[in-house]
>>> print(open('data.pdb').read())   # PDB, C-alpha atoms, pLDDT in the B column
ATOM      1  CA  MET A   1       6.435 -18.020 -23.104  1.00 45.00           C
ATOM      2  CA  THR A   2       3.670 -18.070 -25.681  1.00 45.00           C
ATOM      3  CA  ALA A   3       2.063 -14.892 -26.908  1.00 46.00           C
ATOM      4  CA  THR A   4      -1.369 -14.082 -25.529  1.00 48.00           C
ATOM      5  CA  THR A   5      -4.160 -13.920 -28.061  1.00 52.00           C
ATOM      6  CA  ARG A   6      -5.215 -10.320 -28.551  1.00 55.00           C
ATOM      7  CA  THR A   7      -8.798  -9.646 -27.567  1.00 64.00           C
ATOM      8  CA  ARG A   8     -10.725  -6.473 -28.267  1.00 71.00           C
ATOM      9  CA  LEU A   9     -11.912  -4.806 -25.054  1.00 70.00           C
ATOM     10  CA  ALA A  10     -13.656  -1.537 -24.300  1.00 79.00           C
ATOM     11  CA  PRO A  11     -11.160   1.170 -23.232  1.00 75.00           C
ATOM     12  CA  ASP A  12     -12.147   1.033 -19.546  1.00 82.00           C
ATOM     13  CA  GLN A  13     -11.913  -2.757 -19.526  1.00 85.00           C
ATOM     14  CA  ARG A  14      -8.504  -2.683 -21.223  1.00 84.00           C
ATOM     15  CA  ARG A  15      -7.162  -0.109 -18.775  1.00 87.00           C
ATOM     16  CA  GLU A  16      -8.436  -2.190 -15.832  1.00 89.00           C
ATOM     17  CA  GLN A  17      -6.914  -5.328 -17.327  1.00 87.00           C
ATOM     18  CA  LEU A  18      -3.515  -3.648 -17.668  1.00 89.00           C
ATOM     19  CA  LEU A  19      -3.672  -2.240 -14.143  1.00 89.00           C
ATOM     20  CA  GLY A  20      -4.590  -5.697 -12.827  1.00 88.00           C
ATOM     21  CA  LEU A  21      -1.620  -7.252 -14.600  1.00 88.00           C
ATOM     22  CA  GLY A  22       0.615  -4.472 -13.316  1.00 85.00           C
ATOM     23  CA  LEU A  23      -0.574  -5.060  -9.748  1.00 84.00           C
ATOM     24  CA  ARG A  24       0.058  -8.795 -10.027  1.00 83.00           C
ATOM     25  CA  LEU A  25       3.595  -8.192 -11.276  1.00 79.00           C
ATOM     26  CA  PHE A  26       4.154  -5.405  -8.719  1.00 77.00           C
ATOM     27  CA  ALA A  27       3.257  -7.709  -5.815  1.00 73.00           C
ATOM     28  CA  GLY A  28       6.321  -9.850  -6.468  1.00 74.00           C
ATOM     29  CA  SER A  29       8.895  -7.362  -7.751  1.00 74.00           C
ATOM     30  CA  SER A  30       9.961  -3.760  -7.628  1.00 74.00           C
ATOM     31  CA  ILE A  31       8.057  -1.312  -9.795  1.00 74.00           C
ATOM     32  CA  GLU A  32      11.180  -0.698 -11.884  1.00 76.00           C
ATOM     33  CA  ASP A  33      11.438  -4.417 -12.647  1.00 78.00           C
ATOM     34  CA  ILE A  34       8.005  -4.665 -14.256  1.00 80.00           C
ATOM     35  CA  SER A  35       8.809  -5.480 -17.844  1.00 82.00           C
ATOM     36  CA  ILE A  36       6.699  -3.516 -20.291  1.00 86.00           C
ATOM     37  CA  ASP A  37       7.357  -6.205 -22.911  1.00 87.00           C
ATOM     38  CA  ARG A  38       6.125  -8.941 -20.557  1.00 85.00           C
ATOM     39  CA  LEU A  39       3.112  -6.876 -19.590  1.00 85.00           C
ATOM     40  CA  CYS A  40       2.219  -6.240 -23.223  1.00 87.00           C
ATOM     41  CA  GLU A  41       2.656  -9.906 -24.080  1.00 87.00           C
ATOM     42  CA  GLU A  42       0.500 -11.102 -21.158  1.00 84.00           C
ATOM     43  CA  GLY A  43      -2.094  -8.415 -21.812  1.00 83.00           C
ATOM     44  CA  GLY A  44      -2.182  -9.046 -25.542  1.00 85.00           C
ATOM     45  CA  VAL A  45      -1.501  -5.389 -26.348  1.00 87.00           C
ATOM     46  CA  SER A  46       1.172  -3.396 -28.111  1.00 88.00           C
ATOM     47  CA  ARG A  47       3.499  -0.915 -26.407  1.00 89.00           C
ATOM     48  CA  GLY A  48       1.724   1.810 -28.345  1.00 90.00           C
ATOM     49  CA  LEU A  49      -1.629   0.865 -26.827  1.00 88.00           C
ATOM     50  CA  LEU A  50      -0.158   0.734 -23.319  1.00 88.00           C
ATOM     51  CA  TYR A  51       1.300   4.211 -23.816  1.00 90.00           C
ATOM     52  CA  HIS A  52      -1.999   5.386 -25.257  1.00 89.00           C
ATOM     53  CA  TYR A  53      -3.678   4.563 -21.932  1.00 89.00           C
ATOM     54  CA  PHE A  54      -0.903   5.669 -19.569  1.00 91.00           C
ATOM     55  CA  GLY A  55       1.247   8.108 -21.553  1.00 92.00           C
ATOM     56  CA  SER A  56       4.604   6.538 -20.700  1.00 90.00           C
ATOM     57  CA  LYS A  57       6.271   3.786 -18.699  1.00 87.00           C
ATOM     58  CA  GLN A  58       6.447   6.190 -15.736  1.00 87.00           C
ATOM     59  CA  GLY A  59       2.749   7.016 -16.164  1.00 90.00           C
ATOM     60  CA  PHE A  60       1.928   3.315 -16.079  1.00 88.00           C
ATOM     61  CA  HIS A  61       4.085   2.765 -12.992  1.00 86.00           C
ATOM     62  CA  GLU A  62       2.385   5.641 -11.186  1.00 89.00           C
ATOM     63  CA  ALA A  63      -1.075   4.336 -12.150  1.00 90.00           C
ATOM     64  CA  VAL A  64      -0.180   0.896 -10.750  1.00 87.00           C
ATOM     65  CA  ILE A  65       1.168   2.445  -7.549  1.00 88.00           C
ATOM     66  CA  GLN A  66      -1.946   4.592  -7.180  1.00 91.00           C
ATOM     67  CA  ARG A  67      -4.125   1.487  -7.560  1.00 89.00           C
ATOM     68  CA  ALA A  68      -1.975  -0.367  -5.001  1.00 88.00           C
ATOM     69  CA  ALA A  69      -2.305   2.554  -2.571  1.00 91.00           C
ATOM     70  CA  ASP A  70      -6.087   2.643  -3.102  1.00 92.00           C
ATOM     71  CA  ASP A  71      -6.266  -1.118  -2.460  1.00 91.00           C
ATOM     72  CA  LEU A  72      -4.195  -0.755   0.726  1.00 92.00           C
ATOM     73  CA  ILE A  73      -6.476   1.995   2.034  1.00 94.00           C
ATOM     74  CA  ALA A  74      -9.581  -0.059   1.240  1.00 94.00           C
ATOM     75  CA  GLN A  75      -8.248  -3.309   2.698  1.00 93.00           C
ATOM     76  CA  THR A  76      -7.143  -1.709   5.966  1.00 93.00           C
ATOM     77  CA  ALA A  77     -10.367   0.189   6.703  1.00 92.00           C
ATOM     78  CA  PRO A  78     -11.344  -0.280  10.357  1.00 89.00           C
ATOM     79  CA  PRO A  79     -14.343  -2.569  10.894  1.00 89.00           C
ATOM     80  CA  GLU A  80     -17.572  -1.565  12.628  1.00 87.00           C
ATOM     81  CA  GLY A  81     -17.660  -1.766  16.404  1.00 84.00           C
ATOM     82  CA  ASP A  82     -17.238   0.266  19.565  1.00 81.00           C
ATOM     83  CA  ASP A  83     -13.806  -0.824  20.824  1.00 87.00           C
ATOM     84  CA  PRO A  84     -11.098   1.445  19.346  1.00 86.00           C
ATOM     85  CA  ILE A  85      -8.310  -1.017  20.171  1.00 87.00           C
ATOM     86  CA  ALA A  86     -10.181  -3.872  18.446  1.00 90.00           C
ATOM     87  CA  LYS A  87     -10.660  -1.664  15.380  1.00 90.00           C
ATOM     88  CA  LEU A  88      -7.002  -0.657  15.408  1.00 91.00           C
ATOM     89  CA  SER A  89      -5.935  -4.288  15.776  1.00 92.00           C
ATOM     90  CA  ALA A  90      -8.151  -5.424  12.877  1.00 94.00           C
ATOM     91  CA  SER A  91      -6.887  -2.607  10.660  1.00 93.00           C
ATOM     92  CA  LEU A  92      -3.243  -3.357  11.491  1.00 94.00           C
ATOM     93  CA  THR A  93      -3.688  -7.089  10.981  1.00 95.00           C
ATOM     94  CA  ALA A  94      -5.107  -6.291   7.521  1.00 96.00           C
ATOM     95  CA  TYR A  95      -2.075  -4.043   6.895  1.00 96.00           C
ATOM     96  CA  VAL A  96       0.331  -6.821   7.928  1.00 96.00           C
ATOM     97  CA  ASP A  97      -1.459  -9.240   5.590  1.00 96.00           C
ATOM     98  CA  TYR A  98      -1.341  -6.717   2.735  1.00 93.00           C
ATOM     99  CA  VAL A  99       2.406  -6.171   3.149  1.00 94.00           C
ATOM    100  CA  ILE A 100       3.055  -9.926   3.368  1.00 93.00           C
ATOM    101  CA  ALA A 101       1.067 -10.538   0.164  1.00 90.00           C
ATOM    102  CA  ASN A 102       2.728  -7.625  -1.670  1.00 88.00           C
ATOM    103  CA  HIS A 103       6.101  -7.549   0.054  1.00 87.00           C
ATOM    104  CA  GLN A 104       8.425  -6.764  -2.853  1.00 83.00           C
ATOM    105  CA  GLY A 105       6.094  -4.258  -4.434  1.00 81.00           C
ATOM    106  CA  TYR A 106       5.388  -2.498  -1.156  1.00 86.00           C
ATOM    107  CA  ARG A 107       9.095  -2.263  -0.348  1.00 86.00           C
ATOM    108  CA  SER A 108       9.627  -0.869  -3.852  1.00 81.00           C
ATOM    109  CA  LEU A 109       6.976   1.785  -3.197  1.00 82.00           C
ATOM    110  CA  VAL A 110       8.589   2.841   0.093  1.00 85.00           C
ATOM    111  CA  LEU A 111      12.055   3.000  -1.469  1.00 81.00           C
ATOM    112  CA  ALA A 112      10.833   4.896  -4.535  1.00 78.00           C
ATOM    113  CA  ALA A 113       9.038   7.416  -2.319  1.00 80.00           C
ATOM    114  CA  ALA A 114      12.191   7.916  -0.267  1.00 80.00           C
ATOM    115  CA  GLY A 115      14.427   7.982  -3.330  1.00 75.00           C
ATOM    116  CA  GLY A 116      13.243  11.177  -4.942  1.00 68.00           C
ATOM    117  CA  ASN A 117      10.555  10.066  -7.389  1.00 76.00           C
ATOM    118  CA  GLU A 118       8.144  12.983  -6.996  1.00 86.00           C
ATOM    119  CA  GLY A 119       5.101  11.235  -8.497  1.00 86.00           C
ATOM    120  CA  VAL A 120       5.516   8.147  -6.323  1.00 85.00           C
ATOM    121  CA  ARG A 121       6.262  10.254  -3.237  1.00 89.00           C
ATOM    122  CA  ALA A 122       3.036  12.221  -3.755  1.00 92.00           C
ATOM    123  CA  ILE A 123       0.984   9.001  -4.000  1.00 92.00           C
ATOM    124  CA  TYR A 124       2.726   7.554  -0.934  1.00 90.00           C
ATOM    125  CA  GLU A 125       2.265  10.705   1.173  1.00 92.00           C
ATOM    126  CA  GLN A 126      -1.379  11.034   0.150  1.00 95.00           C
ATOM    127  CA  ALA A 127      -2.070   7.402   1.152  1.00 93.00           C
ATOM    128  CA  ARG A 128      -0.248   7.923   4.454  1.00 93.00           C
ATOM    129  CA  ALA A 129      -2.255  11.111   5.136  1.00 94.00           C
ATOM    130  CA  VAL A 130      -5.529   9.285   4.447  1.00 94.00           C
ATOM    131  CA  MET A 131      -4.593   6.524   6.876  1.00 92.00           C
ATOM    132  CA  ILE A 132      -3.519   8.995   9.588  1.00 93.00           C
ATOM    133  CA  ASP A 133      -6.696  11.058   9.154  1.00 93.00           C
ATOM    134  CA  ARG A 134      -8.757   7.880   9.253  1.00 90.00           C
ATOM    135  CA  THR A 135      -7.124   6.920  12.556  1.00 88.00           C
ATOM    136  CA  PHE A 136      -8.471  10.123  14.117  1.00 90.00           C
ATOM    137  CA  GLU A 137     -11.857   9.939  12.392  1.00 88.00           C
ATOM    138  CA  THR A 138     -12.685   6.353  13.415  1.00 84.00           C
ATOM    139  CA  PRO A 139     -15.779   6.420  15.679  1.00 82.00           C
ATOM    140  CA  GLY A 140     -14.812   5.745  19.291  1.00 81.00           C
ATOM    141  CA  VAL A 141     -11.136   6.552  18.829  1.00 85.00           C
ATOM    142  CA  GLU A 142     -11.407   9.706  20.928  1.00 83.00           C
ATOM    143  CA  ALA A 143     -11.182   7.404  23.963  1.00 79.00           C
ATOM    144  CA  LEU A 144      -7.653   6.558  22.797  1.00 84.00           C
ATOM    145  CA  LEU A 145      -6.530   9.659  20.863  1.00 90.00           C
ATOM    146  CA  VAL A 146      -7.225  13.356  21.290  1.00 91.00           C
ATOM    147  CA  ASP A 147      -6.689  15.144  17.986  1.00 93.00           C
ATOM    148  CA  THR A 148      -3.929  17.642  18.770  1.00 93.00           C
ATOM    149  CA  PRO A 149      -0.770  18.610  16.842  1.00 95.00           C
ATOM    150  CA  ALA A 150       1.343  16.647  19.340  1.00 95.00           C
ATOM    151  CA  THR A 151      -0.823  13.522  18.967  1.00 95.00           C
ATOM    152  CA  ARG A 152      -0.710  13.792  15.169  1.00 95.00           C
ATOM    153  CA  LEU A 153       3.076  13.999  15.339  1.00 95.00           C
ATOM    154  CA  VAL A 154       3.190  10.868  17.482  1.00 95.00           C
ATOM    155  CA  VAL A 155       0.772   9.023  15.160  1.00 95.00           C
ATOM    156  CA  ARG A 156       2.875   9.962  12.116  1.00 94.00           C
ATOM    157  CA  GLY A 157       5.981   8.596  13.852  1.00 95.00           C
ATOM    158  CA  TRP A 158       4.070   5.469  14.849  1.00 96.00           C
ATOM    159  CA  VAL A 159       3.024   4.904  11.211  1.00 94.00           C
ATOM    160  CA  ALA A 160       6.709   4.998  10.189  1.00 93.00           C
ATOM    161  CA  PHE A 161       7.508   2.547  13.015  1.00 96.00           C
ATOM    162  CA  VAL A 162       4.752   0.184  11.859  1.00 96.00           C
ATOM    163  CA  GLU A 163       5.934   0.299   8.254  1.00 95.00           C
ATOM    164  CA  ASP A 164       9.571  -0.376   9.098  1.00 95.00           C
ATOM    165  CA  THR A 165       8.743  -3.068  11.664  1.00 97.00           C
ATOM    166  CA  VAL A 166       6.475  -4.986   9.278  1.00 96.00           C
ATOM    167  CA  LEU A 167       8.919  -4.767   6.365  1.00 95.00           C
ATOM    168  CA  THR A 168      11.786  -5.899   8.612  1.00 96.00           C
ATOM    169  CA  TRP A 169       9.687  -8.798   9.882  1.00 97.00           C
ATOM    170  CA  CYS A 170       8.891  -9.841   6.298  1.00 95.00           C
ATOM    171  CA  ASP A 171      12.638 -10.143   5.642  1.00 93.00           C
ATOM    172  CA  THR A 172      13.540 -11.783   8.973  1.00 94.00           C
ATOM    173  CA  PRO A 173      10.671 -13.021  11.166  1.00 94.00           C
ATOM    174  CA  ASP A 174      13.108 -14.474  13.759  1.00 92.00           C
ATOM    175  CA  GLY A 175      10.430 -16.583  15.432  1.00 94.00           C
ATOM    176  CA  VAL A 176       7.886 -13.763  15.789  1.00 97.00           C
ATOM    177  CA  THR A 177       4.497 -14.907  14.488  1.00 97.00           C
ATOM    178  CA  ARG A 178       2.211 -12.810  12.319  1.00 96.00           C
ATOM    179  CA  ASP A 179      -0.224 -12.460  15.237  1.00 96.00           C
ATOM    180  CA  GLU A 180       2.581 -11.376  17.579  1.00 97.00           C
ATOM    181  CA  LEU A 181       3.723  -8.835  15.003  1.00 97.00           C
ATOM    182  CA  ALA A 182       0.209  -7.401  14.701  1.00 95.00           C
ATOM    183  CA  ARG A 183      -0.040  -7.169  18.489  1.00 95.00           C
ATOM    184  CA  ILE A 184       3.343  -5.409  18.772  1.00 96.00           C
ATOM    185  CA  VAL A 185       2.450  -2.700  16.282  1.00 96.00           C
ATOM    186  CA  THR A 186      -1.061  -2.286  17.743  1.00 94.00           C
ATOM    187  CA  ASP A 187       0.130  -1.987  21.344  1.00 94.00           C
ATOM    188  CA  ALA A 188       2.781   0.553  20.380  1.00 95.00           C
ATOM    189  CA  LEU A 189       0.241   3.312  19.643  1.00 94.00           C
ATOM    190  CA  PRO A 190      -1.415   3.541  23.084  1.00 92.00           C
ATOM    191  CA  ALA A 191       2.041   3.299  24.665  1.00 93.00           C
ATOM    192  CA  LEU A 192       3.359   6.194  22.571  1.00 94.00           C
ATOM    193  CA  VAL A 193       0.259   8.319  23.122  1.00 93.00           C
ATOM    194  CA  ALA A 194       0.595   7.744  26.876  1.00 92.00           C
ATOM    195  CA  THR A 195       3.885   9.660  26.798  1.00 92.00           C
ATOM    196  CA  LEU A 196       1.923  12.819  25.992  1.00 90.00           C
ATOM    197  CA  ARG A 197       0.006  12.746  29.275  1.00 79.00           C
TER     198      ARG A 197
END
>>> encode(input="data.pdb", output="structure tokens")
Amino acid sequence: MTATTRTRLAPDQRREQLLGLGLRLFAGSSIEDISIDRLCEEGGVSRGLLYHYFGSKQGFHEAVIQRAADDLIAQTAPPEGDDPIAKLSASLTAYVDYVIANHQGYRSLVLAAAGGNEGVRAIYEQARAVMIDRTFETPGVEALLVDTPATRLVVRGWVAFVEDTVLTWCDTPDGVTRDELARIVTDALPALVATLR
């Protein structure tokens, strides 16, 4: 691998460049496997400069994970429209596509959050809370969901089901298409909510 020519960038541009490189590497590997040396070489920066922007390797990892979580939230925002099921389906299809495109990194995030890393867990839980809140705040969704503690509990469980189902499918599709997968996870929510009635 040849060394990247070092280019002077404004601090905000450099930080964005490093986060972009981190996201690209994160998409195809676990967060722990992102090589700081490789990142510095590709970014044309020294370790010292990387640590200047992010404080430490852990600080960099958490910044990359936060950016990935922000991207996931943005990419899965429900579209405009009146049909809550159509909005849910579009949002979940975007989620499926995000996980497919970032499979290794997303799995790494889930495992790190479950494995005791407090910083990663906080980012993960905050992103999950935003997505659950957004489910209830989507215009028209009241026809499908009534915002009660019991419904929130069911939605939280459904989110875990969706996550595990999509990650399992990424490892072993077993003849289930992407569209079928999106339909399965979409149809599961109304079915679960129906148990509350």
>>> resolve_selection(input="data.pdb", expression="the PyMOL selection byres ((chain A and resi 43) around 8)", output="mmCIF file with C-alpha atoms, in the frame of the given file")
data_model
loop_
_atom_site.group_PDB
_atom_site.id
_atom_site.type_symbol
_atom_site.label_atom_id
_atom_site.label_comp_id
_atom_site.auth_asym_id
_atom_site.auth_seq_id
_atom_site.Cartn_x
_atom_site.Cartn_y
_atom_site.Cartn_z
ATOM 1 C CA THR A 4 -1.369 -14.082 -25.529
ATOM 2 C CA ARG A 6 -5.215 -10.320 -28.551
ATOM 3 C CA GLN A 17 -6.914 -5.328 -17.327
ATOM 4 C CA LEU A 18 -3.515 -3.648 -17.668
ATOM 5 C CA LEU A 21 -1.620 -7.252 -14.600
ATOM 6 C CA LEU A 39 3.112 -6.876 -19.590
ATOM 7 C CA CYS A 40 2.219 -6.240 -23.223
ATOM 8 C CA GLU A 41 2.656 -9.906 -24.080
ATOM 9 C CA GLU A 42 0.500 -11.102 -21.158
ATOM 10 C CA GLY A 44 -2.182 -9.046 -25.542
ATOM 11 C CA VAL A 45 -1.501 -5.389 -26.348
#
>>> closest_residue(input="data.pdb", among="A:Gly140, A:Pro190, A:Leu111, A:His103", to="Leu167 in chain A", atoms="all atoms listed in the file")
A:His103
>>> atom_distance(input="data.pdb", atom1="CA of Leu189 in chain A", atom2="CA of Val155 in chain A")
7.3 Å
>>> resolve_selection(input="data.pdb", expression="the PyMOL selection byres ((chain A and resi 26) around 9)", output="list of chain:residue names")
A:Leu21, A:Gly22, A:Leu23, A:Arg24, A:Leu25, A:Ala27, A:Gly28, A:Ser29, A:Ser30, A:Ile31, A:Asp33, A:Ile34, A:Val64, A:Ile65, A:Ala68, A:Asn102, A:Gln104, A:Gly105, A:Tyr106, A:Ser108
>>> closest_residue(input="data.pdb", among="A:Leu145, A:Tyr124, A:Arg134, A:Val96", to="Cys170 in chain A", atoms="only C-alpha atoms")
A:Val96
>>> closest_residue(input="data.pdb", among="A:Ala129, A:Ile123, A:Leu49, A:Ala112", to="Leu153 in chain A", atoms="all atoms listed in the file")
A:Ala129
>>> atom_distance(input="data.pdb", atom1="CA of Ala63 in chain A", atom2="CA of Arg107 in chain A")
16.9 Å
>>> closest_residue(input="data.pdb", among="A:Gln75, A:Asp70, A:Glu62, A:Trp169", to="Glu118 in chain A", atoms="only C-alpha atoms")
A:Glu62
>>> closest_residue(input="data.pdb", among="A:Pro78, A:Gly115, A:Phe54, A:Gln13", to="Glu137 in chain A", atoms="only C-alpha atoms")
A:Pro78
>>> residues_around(input="data.pdb", residues="Asp82 in chain A", least_positions_apart="3", cutoff="9 Å", atoms="only C-alpha atoms", output="list in words")
Ala86, Lys87, Pro139, Gly140 and Val141 of chain A
>>> atom_distance(input="data.pdb", atom1="CA of Arg14 in chain A", atom2="CA of Ala101 in chain A")
24.7 Å
>>> resolve_selection(input="data.pdb", expression="the PyMOL selection byres ((chain A and resi 192) around 10)", output="CSV table (one decimal) with C-alpha atoms, in the coordinates of the input")
chain,number,residue,atom,x,y,z
A,151,THR,CA,-0.8,13.5,19.0
A,154,VAL,CA,3.2,10.9,17.5
A,155,VAL,CA,0.8,9.0,15.2
A,157,GLY,CA,6.0,8.6,13.9
A,158,TRP,CA,4.1,5.5,14.8
A,187,ASP,CA,0.1,-2.0,21.3
A,188,ALA,CA,2.8,0.6,20.4
A,189,LEU,CA,0.2,3.3,19.6
A,190,PRO,CA,-1.4,3.5,23.1
A,191,ALA,CA,2.0,3.3,24.7
A,193,VAL,CA,0.3,8.3,23.1
A,194,ALA,CA,0.6,7.7,26.9
A,195,THR,CA,3.9,9.7,26.8
A,196,LEU,CA,1.9,12.8,26.0
A,197,ARG,CA,0.0,12.7,29.3
>>> decode(input="data.pdb", residues="range 89-117 of chain A", atoms="N, CA and C atoms", output="compact mmCIF listing (two decimals), in the first residue's frame")
# COMPACT_ATOMS: atom_id res chain seq x y z
N SER A 89 -43.37 0.45 6.33
CA SER A 89 -42.71 -0.43 5.35
C SER A 89 -41.52 0.27 4.70
N ALA A 90 -41.69 1.53 4.31
CA ALA A 90 -40.59 2.27 3.68
C ALA A 90 -39.43 2.45 4.66
N SER A 91 -39.74 2.77 5.89
CA SER A 91 -38.71 2.96 6.91
C SER A 91 -37.96 1.65 7.17
N LEU A 92 -38.70 0.54 7.25
CA LEU A 92 -38.06 -0.75 7.52
C LEU A 92 -37.26 -1.25 6.32
N THR A 93 -37.74 -0.98 5.12
CA THR A 93 -36.97 -1.35 3.93
C THR A 93 -35.64 -0.57 3.92
N ALA A 94 -35.69 0.71 4.30
CA ALA A 94 -34.46 1.50 4.39
C ALA A 94 -33.53 0.93 5.47
N TYR A 95 -34.10 0.47 6.58
CA TYR A 95 -33.31 -0.15 7.64
C TYR A 95 -32.63 -1.43 7.14
N VAL A 96 -33.40 -2.27 6.46
CA VAL A 96 -32.84 -3.51 5.90
C VAL A 96 -31.68 -3.18 4.97
N ASP A 97 -31.87 -2.19 4.09
CA ASP A 97 -30.82 -1.81 3.16
C ASP A 97 -29.58 -1.27 3.89
N TYR A 98 -29.81 -0.50 4.95
CA TYR A 98 -28.69 0.02 5.74
C TYR A 98 -27.89 -1.13 6.36
N VAL A 99 -28.58 -2.08 6.96
CA VAL A 99 -27.89 -3.20 7.61
C VAL A 99 -27.15 -4.05 6.57
N ILE A 100 -27.76 -4.27 5.43
CA ILE A 100 -27.08 -5.03 4.36
C ILE A 100 -25.80 -4.32 3.95
N ALA A 101 -25.87 -3.02 3.74
CA ALA A 101 -24.71 -2.24 3.28
C ALA A 101 -23.63 -2.12 4.35
N ASN A 102 -24.01 -2.23 5.61
CA ASN A 102 -23.06 -2.02 6.72
C ASN A 102 -23.08 -3.21 7.68
N HIS A 103 -23.23 -4.40 7.12
CA HIS A 103 -23.49 -5.59 7.93
C HIS A 103 -22.48 -5.81 9.05
N GLN A 104 -21.21 -5.90 8.71
CA GLN A 104 -20.20 -6.19 9.73
C GLN A 104 -20.12 -5.09 10.77
N GLY A 105 -20.14 -3.86 10.34
CA GLY A 105 -20.08 -2.76 11.29
C GLY A 105 -21.30 -2.70 12.19
N TYR A 106 -22.47 -2.94 11.62
CA TYR A 106 -23.69 -2.89 12.42
C TYR A 106 -23.69 -4.02 13.45
N ARG A 107 -23.29 -5.22 13.02
CA ARG A 107 -23.20 -6.33 13.96
C ARG A 107 -22.20 -6.00 15.08
N SER A 108 -21.09 -5.38 14.72
CA SER A 108 -20.10 -4.96 15.70
C SER A 108 -20.70 -3.99 16.71
N LEU A 109 -21.51 -3.06 16.23
CA LEU A 109 -22.17 -2.10 17.12
C LEU A 109 -23.08 -2.82 18.11
N VAL A 110 -23.90 -3.73 17.61
CA VAL A 110 -24.84 -4.46 18.47
C VAL A 110 -24.09 -5.27 19.51
N LEU A 111 -23.03 -5.96 19.08
CA LEU A 111 -22.25 -6.77 20.02
C LEU A 111 -21.52 -5.92 21.04
N ALA A 112 -20.96 -4.79 20.60
CA ALA A 112 -20.26 -3.90 21.53
C ALA A 112 -21.22 -3.32 22.55
N ALA A 113 -22.43 -2.99 22.12
CA ALA A 113 -23.43 -2.44 23.04
C ALA A 113 -23.86 -3.48 24.06
N ALA A 114 -23.94 -4.74 23.62
CA ALA A 114 -24.33 -5.81 24.53
C ALA A 114 -23.17 -6.26 25.41
N GLY A 115 -21.94 -5.97 24.97
CA GLY A 115 -20.77 -6.50 25.64
C GLY A 115 -20.18 -5.65 26.74
N GLY A 116 -20.83 -4.57 27.12
CA GLY A 116 -20.37 -3.83 28.27
C GLY A 116 -19.64 -2.53 27.98
N ASN A 117 -19.46 -2.17 26.71
CA ASN A 117 -18.82 -0.89 26.41
C ASN A 117 -19.84 0.22 26.67
